[in-house]
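Have a look at entry35.pdb; it's PDB, C-alpha atoms and all ligand atoms:
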MODEL        1
ATOM      1  CA  MET A   1     -57.439 -76.964 -29.264
ATOM      2  CA  THR A   2     -56.973 -79.224 -26.264
ATOM      3  CA  GLN A   3     -58.486 -78.913 -22.791
ATOM      4  CA  GLU A   4     -54.941 -78.259 -21.619
ATOM      5  CA  THR A   5     -54.614 -75.223 -23.886
ATOM      6  CA  LEU A   6     -57.953 -73.911 -22.644
ATOM      7  CA  HIS A   7     -56.814 -74.436 -19.082
ATOM      8  CA  GLU A   8     -53.609 -72.471 -19.715
ATOM      9  CA  THR A   9     -55.557 -69.654 -21.374
ATOM     10  CA  PHE A  10     -57.925 -69.585 -18.407
ATOM     11  CA  VAL A  11     -55.101 -69.369 -15.851
ATOM     12  CA  ALA A  12     -53.335 -66.646 -17.869
ATOM     13  CA  LEU A  13     -56.469 -64.493 -17.957
ATOM     14  CA  LEU A  14     -57.076 -65.243 -14.293
ATOM     15  CA  ARG A  15     -53.622 -63.899 -13.443
ATOM     16  CA  ASP A  16     -54.168 -60.800 -15.555
ATOM     17  CA  THR A  17     -57.530 -60.106 -13.894
ATOM     18  CA  TYR A  18     -56.120 -60.783 -10.427
ATOM     19  CA  ASP A  19     -53.501 -58.103 -11.002
ATOM     20  CA  ALA A  20     -56.133 -55.728 -12.449
ATOM     21  CA  GLU A  21     -58.335 -56.074  -9.353
ATOM     22  CA  LYS A  22     -55.381 -55.533  -7.050
ATOM     23  CA  GLN A  23     -54.417 -52.355  -8.919
ATOM     24  CA  LEU A  24     -57.987 -51.186  -8.453
ATOM     25  CA  VAL A  25     -57.941 -51.873  -4.709
ATOM     26  CA  LYS A  26     -54.954 -49.533  -4.490
ATOM     27  CA  ALA A  27     -56.453 -46.834  -6.736
ATOM     28  CA  LEU A  28     -60.013 -46.588  -5.401
ATOM     29  CA  PRO A  29     -59.275 -44.836  -2.054
ATOM     30  CA  LYS A  30     -57.541 -42.045  -3.974
ATOM     31  CA  LEU A  31     -60.516 -41.752  -6.337
ATOM     32  CA  ALA A  32     -62.930 -41.542  -3.395
ATOM     33  CA  LYS A  33     -60.911 -38.636  -1.999
ATOM     34  CA  ALA A  34     -60.888 -36.833  -5.345
ATOM     35  CA  ALA A  35     -64.669 -37.101  -5.820
ATOM     36  CA  ASP A  36     -67.018 -34.324  -4.763
ATOM     37  CA  ASN A  37     -70.529 -35.740  -5.183
ATOM     38  CA  GLU A  38     -71.499 -37.627  -2.022
ATOM     39  CA  GLU A  39     -73.251 -40.404  -3.898
ATOM     40  CA  LEU A  40     -70.145 -40.892  -6.018
ATOM     41  CA  VAL A  41     -67.889 -41.026  -2.951
ATOM     42  CA  GLU A  42     -70.181 -43.653  -1.432
ATOM     43  CA  ALA A  43     -70.364 -45.669  -4.664
ATOM     44  CA  ILE A  44     -66.564 -45.726  -4.919
ATOM     45  CA  ARG A  45     -66.237 -46.817  -1.277
ATOM     46  CA  ASN A  46     -68.811 -49.569  -1.812
ATOM     47  CA  HIS A  47     -66.994 -50.722  -4.889
ATOM     48  CA  LEU A  48     -63.725 -50.845  -2.954
ATOM     49  CA  ALA A  49     -65.297 -53.305  -0.496
ATOM     50  CA  GLU A  50     -66.714 -55.274  -3.454
ATOM     51  CA  THR A  51     -63.350 -55.283  -5.223
ATOM     52  CA  GLU A  52     -61.623 -56.670  -2.134
ATOM     53  CA  ALA A  53     -64.167 -59.499  -2.080
ATOM     54  CA  GLN A  54     -63.585 -60.024  -5.819
ATOM     55  CA  VAL A  55     -59.859 -60.478  -5.177
ATOM     56  CA  THR A  56     -60.705 -63.181  -2.617
ATOM     57  CA  ARG A  57     -63.107 -64.802  -5.096
ATOM     58  CA  LEU A  58     -60.338 -64.961  -7.711
ATOM     59  CA  GLU A  59     -58.094 -66.627  -5.128
ATOM     60  CA  GLU A  60     -60.826 -69.236  -4.683
ATOM     61  CA  VAL A  61     -60.892 -69.777  -8.454
ATOM     62  CA  PHE A  62     -57.099 -70.231  -8.454
ATOM     63  CA  GLY A  63     -57.677 -72.870  -5.761
ATOM     64  CA  ILE A  64     -60.303 -74.613  -7.902
ATOM     65  CA  VAL A  65     -57.925 -74.924 -10.886
ATOM     66  CA  GLY A  66     -54.972 -75.806  -8.662
ATOM     67  CA  ALA A  67     -52.821 -72.865  -9.730
ATOM     68  CA  PRO A  68     -50.957 -70.506  -7.365
ATOM     69  CA  ALA A  69     -52.721 -67.152  -6.851
ATOM     70  CA  LYS A  70     -50.207 -65.009  -8.674
ATOM     71  CA  GLY A  71     -50.854 -61.898 -10.744
ATOM     72  CA  LYS A  72     -49.308 -60.889 -14.041
ATOM     73  CA  ALA A  73     -48.993 -57.142 -14.671
ATOM     74  CA  CYS A  74     -52.213 -56.008 -16.368
ATOM     75  CA  LYS A  75     -51.236 -53.205 -18.749
ATOM     76  CA  GLY A  76     -54.828 -52.496 -19.726
ATOM     77  CA  MET A  77     -55.875 -51.608 -16.191
ATOM     78  CA  LYS A  78     -52.663 -49.644 -15.673
ATOM     79  CA  GLY A  79     -53.439 -47.510 -18.737
ATOM     80  CA  LEU A  80     -57.058 -46.945 -17.730
ATOM     81  CA  LEU A  81     -56.033 -45.871 -14.238
ATOM     82  CA  GLU A  82     -53.361 -43.536 -15.623
ATOM     83  CA  GLU A  83     -55.963 -41.854 -17.816
ATOM     84  CA  GLY A  84     -58.279 -41.532 -14.836
ATOM     85  CA  ASN A  85     -55.495 -39.859 -12.880
ATOM     86  CA  GLU A  86     -54.954 -37.332 -15.658
ATOM     87  CA  ALA A  87     -58.619 -36.354 -15.442
ATOM     88  CA  ILE A  88     -58.230 -35.748 -11.710
ATOM     89  CA  GLN A  89     -55.199 -33.566 -12.270
ATOM     90  CA  GLU A  90     -56.783 -31.559 -15.073
ATOM     91  CA  GLU A  91     -59.965 -30.588 -13.228
ATOM     92  CA  ASP A  92     -60.547 -29.057  -9.805
ATOM     93  CA  LYS A  93     -62.796 -30.875  -7.374
ATOM     94  CA  GLY A  94     -66.390 -30.515  -8.555
ATOM     95  CA  GLU A  95     -68.960 -31.600 -11.120
ATOM     96  CA  LEU A  96     -66.636 -31.652 -14.136
ATOM     97  CA  ARG A  97     -64.049 -33.759 -12.367
ATOM     98  CA  ASP A  98     -66.765 -36.081 -11.065
ATOM     99  CA  LEU A  99     -68.079 -36.602 -14.584
ATOM    100  CA  ALA A 100     -64.572 -37.222 -15.938
ATOM    101  CA  MET A 101     -63.947 -39.722 -13.133
ATOM    102  CA  ILE A 102     -67.243 -41.491 -13.844
ATOM    103  CA  ALA A 103     -66.287 -41.761 -17.526
ATOM    104  CA  GLY A 104     -62.958 -43.315 -16.517
ATOM    105  CA  ALA A 105     -64.545 -45.618 -13.936
ATOM    106  CA  GLN A 106     -67.076 -46.855 -16.494
ATOM    107  CA  LYS A 107     -64.243 -47.745 -18.874
ATOM    108  CA  VAL A 108     -62.724 -49.758 -16.029
ATOM    109  CA  GLU A 109     -66.036 -51.532 -15.371
ATOM    110  CA  HIS A 110     -66.508 -52.413 -19.039
ATOM    111  CA  TYR A 111     -62.957 -53.729 -19.227
ATOM    112  CA  GLU A 112     -63.672 -55.939 -16.214
ATOM    113  CA  ILE A 113     -67.064 -57.070 -17.531
ATOM    114  CA  ALA A 114     -65.287 -58.220 -20.717
ATOM    115  CA  ALA A 115     -62.611 -60.067 -18.727
ATOM    116  CA  TYR A 116     -65.124 -61.799 -16.430
ATOM    117  CA  GLY A 117     -67.353 -62.719 -19.382
ATOM    118  CA  THR A 118     -64.445 -64.491 -21.055
ATOM    119  CA  LEU A 119     -63.299 -66.115 -17.803
ATOM    120  CA  ARG A 120     -66.817 -67.411 -17.138
ATOM    121  CA  THR A 121     -67.126 -68.816 -20.669
ATOM    122  CA  LEU A 122     -63.736 -70.540 -20.343
ATOM    123  CA  ALA A 123     -64.763 -71.957 -16.944
ATOM    124  CA  GLU A 124     -67.965 -73.287 -18.568
ATOM    125  CA  GLN A 125     -65.917 -74.954 -21.323
ATOM    126  CA  LEU A 126     -63.674 -76.514 -18.682
ATOM    127  CA  ASP A 127     -66.699 -77.762 -16.658
ATOM    128  CA  LEU A 128     -65.633 -75.810 -13.581
ATOM    129  CA  SER A 129     -69.114 -75.099 -12.258
ATOM    130  CA  ASP A 130     -67.982 -73.651  -8.908
ATOM    131  CA  ALA A 131     -65.683 -71.239 -10.731
ATOM    132  CA  VAL A 132     -68.492 -70.307 -13.146
ATOM    133  CA  GLU A 133     -70.659 -69.331 -10.192
ATOM    134  CA  LEU A 134     -67.944 -67.208  -8.540
ATOM    135  CA  LEU A 135     -67.067 -65.442 -11.793
ATOM    136  CA  GLN A 136     -70.727 -64.791 -12.576
ATOM    137  CA  GLN A 137     -71.182 -63.197  -9.161
ATOM    138  CA  THR A 138     -68.351 -60.732  -9.839
ATOM    139  CA  GLU A 139     -69.548 -60.032 -13.380
ATOM    140  CA  ASP A 140     -72.985 -59.125 -11.957
ATOM    141  CA  GLU A 141     -71.379 -56.790  -9.405
ATOM    142  CA  GLU A 142     -69.374 -55.035 -12.128
ATOM    143  CA  LYS A 143     -72.529 -54.544 -14.202
ATOM    144  CA  ALA A 144     -74.392 -53.138 -11.195
ATOM    145  CA  ALA A 145     -71.478 -50.785 -10.465
ATOM    146  CA  ASP A 146     -71.584 -49.584 -14.088
ATOM    147  CA  SER A 147     -75.340 -48.877 -13.889
ATOM    148  CA  LYS A 148     -74.896 -47.046 -10.596
ATOM    149  CA  LEU A 149     -72.283 -44.785 -12.216
ATOM    150  CA  THR A 150     -74.679 -43.960 -15.073
ATOM    151  CA  GLU A 151     -77.336 -43.090 -12.505
ATOM    152  CA  ILE A 152     -74.969 -40.761 -10.609
ATOM    153  CA  ALA A 153     -73.844 -39.070 -13.841
ATOM    154  CA  MET A 154     -77.488 -38.365 -14.700
ATOM    155  CA  THR A 155     -78.040 -36.776 -11.272
ATOM    156  CA  ILE A 156     -75.007 -34.544 -11.819
ATOM    157  CA  TYR A 157     -76.179 -33.523 -15.317
ATOM    158  CA  GLU A 158     -79.633 -32.707 -13.977
ATOM    159  CA  SER A 159     -78.365 -30.598 -11.089
ATOM    160  CA  ALA A 160     -75.984 -28.778 -13.452
ATOM    161  CA  SER A 161     -78.766 -27.936 -15.901
ATOM    162  CA  ASP A 162     -81.086 -26.845 -13.057
ATOM    163  CA  ALA A 163     -78.346 -24.546 -11.744
ATOM    164  CA  GLU A 164     -77.851 -23.101 -15.217
ATOM    165  CA  GLU A 165     -81.566 -22.426 -15.579
ATOM    166  CA  ASP A 166     -81.672 -20.708 -12.207
ATOM    167  CA  GLU A 167     -78.765 -18.543 -13.319
ATOM    168  CA  GLU A 168     -80.506 -17.645 -16.577
ATOM    169  CA  ASP A 169     -83.685 -16.807 -14.682
ATOM    170  CA  GLU A 170     -81.776 -14.535 -12.350
ATOM    171  CA  GLU A 171     -80.116 -12.756 -15.252
ATOM    172  CA  GLU A 172     -83.458 -12.187 -16.904
ATOM    173  CA  ASP A 173     -84.943 -10.932 -13.653
ATOM    174  CA  GLU A 174     -82.179  -8.363 -13.468
ATOM    175  CA  GLU A 175     -82.292  -7.272 -17.093
ATOM    176  CA  GLN A 176     -85.984  -7.296 -17.921
ATOM    177  CA  PRO A 177     -88.084  -7.622 -14.812
ATOM    178  CA  ALA A 178     -91.346  -6.923 -16.671
ATOM    179  CA  ARG A 179     -90.831  -9.573 -19.380
ATOM    180  CA  THR A 180     -89.784 -12.546 -17.298
ATOM    181  CA  THR A 181     -93.274 -13.800 -16.543
ATOM    182  CA  ALA A 182     -94.115 -13.798 -20.224
ATOM    183  CA  VAL A 183     -91.185 -16.016 -21.249
ATOM    184  CA  LYS A 184     -91.458 -18.499 -18.410
ATOM    185  CA  SER A 185     -93.642 -21.528 -18.248
ATOM    186  CA  ARG A 186     -94.253 -23.917 -15.400
ATOM    187  CA  GLY A 187     -92.490 -27.215 -15.924
ATOM    188  CA  GLU A 188     -93.188 -30.522 -14.251
ATOM    189  CA  GLY A 189     -93.047 -30.559 -10.484
ATOM    190  CA  GLY A 190     -93.656 -26.826 -10.333
ATOM    191  CA  LYS A 191     -90.118 -25.961 -11.370
ATOM    192  CA  THR A 192     -89.824 -22.758 -13.299
ATOM    193  CA  ARG A 193     -88.335 -23.355 -16.712
ATOM    194  CA  THR A 194     -87.318 -20.822 -19.300
ATOM    195  CA  ALA A 195     -89.214 -21.174 -22.565
ATOM    196  CA  ARG A 196     -86.919 -21.640 -25.520
TER
HETATM  197 FE    FE A 201     -63.728 -55.699 -10.103
ENDMDL
END

Let me see whether you can do it: turn the structure in this file into structure tokens.
Amino acid sequence: MTQETLHETFVALLRDTYDAEKQLVKALPKLAKAADNEELVEAIRNHLAETEAQVTRLEEVFGIVGAPAKGKACKGMKGLLEEGNEAIQEEDKGELRDLAMIAGAQKVEHYEIAAYGTLRTLAEQLDLSDAVELLQQTEDEEKAADSKLTEIAMTIYESASDAEEDEEDEEEDEEQPARTTAVKSRGEGGKTRTAR
């Protein structure tokens, strides 16, 4: 394996990733509109700004290796975005759709983390330290975006289970007003939880 082969592999993956990021720049505004949870809308908007900067960073990397900044259709990203779109069409705006969108967005982030990890390793092998730094920066942003999505999903799960408990409590209050106090216990933070 020659340095030249490595260089070609690097540029090919760079072009694939460049196209993937550009597809994402187009898709994210639509995702932000389809989301219901405010935190999720904000996270998607933030990631759009980040993704635009990532496109610019890739253009800098193209400059470093002396290749024209030209994308090559990334089928992986296309497929992931198509699946994400299906989720939007299948669910009405609300918690379920948000969770489906988060699942899709996390697949996108992991796909990108894998691509940037490989690009960074190739840049290290090619002694392109400036490129390594740029690629590392993006990889870190993708990882942070992934963690943020997990955090938002947890908030949605918690609010859904709280709402369900409130509903159960109300039902019990209606059916057996005298028994409710006996089957309830005080949970953390003073929230009333139903004993199971
Ligand atoms: Fe990205």

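The shortest atom-to-atom distance to ligand FE 201 (chain A), with all atoms listed in the file taken into account, belongs to A:Thr138 out of A:Thr155, A:Gln106, A:Thr138, A:Asn85.
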
Next on the checklist: For the provided coordinates, the residues matched by the PyMOL selection byres (((not hetatm)) within 9 of (chain A and resi 201)) should be stated as a PyMOL selection string.
Outcome noted: chain A and resi 17+20-22+24-25+47-48+50-55+108-109+112-113+116+138-139+141-142

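The smallest atom-to-atom distance between Ala153 of chain A and any of A:Ala69, A:Met77, A:Ala43, A:Ala49, using only C-alpha atoms, is found for A:Ala43.
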
Item to check | Expansion of the PyMOL selection byres (((chain A and resi 130) around 12) and not hetatm) into residues, as a list in words | outcome: Arg57, Leu58, Glu60, Val61, Phe62, Gly63, Ile64, Val65, Arg120, Ala123, Glu124, Leu126, Asp127, Leu128, Ser129, Ala131, Val132, Glu133, Leu134, Leu135, Gln136 and Gln137 of chain A

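From atom CA of Lys26 of chain A back to atom CA of Asp92 of chain A, the distance works out to 21.9 Å.
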
Next on the checklist: When you count all atoms listed in the file, which of these residues is closest to Leu119 of chain A: A:Glu82, A:His7, A:Met1, A:Glu39?
Outcome noted: A:His7

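For the atom pair formed by atom CA of Leu13 of chain A and atom CA of Ile88 of chain A, the distance is 29.5 Å, given to one decimal.
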
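Of the listed residues (A:Tyr18, A:Leu149, A:Leu80, A:Ile44), A:Ile44 comes nearest to Lys30 of chain A; the distances count all atoms listed in the file.
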
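Here the question is which of A:Glu59, A:Asp16, A:Asp98, A:Asp162 gets nearest to Cys74 of chain A using all atoms listed in the file, and that residue is A:Asp16.
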
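One distance worth recording is that between atom CA of Tyr111 of chain A and atom CA of Ser147 of chain A, which is 14.3 Å.
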
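Minimum atom-to-atom distances from A:Met101, A:Thr150, A:Gln3, A:Lys72 to Arg15 of chain A were compared using only C-alpha atoms, and the lowest value belongs to A:Lys72.
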
With 5 Å added on each side, what axis-aligned box encloses every listed atom of segment 11-28 of chain A? Give the centre and edge lengths in Å to one decimal, as JSON.
{"center_x": -56.7, "center_y": -58.0, "center_z": -11.2, "size_x": 16.7, "size_y": 32.8, "size_z": 23.5}
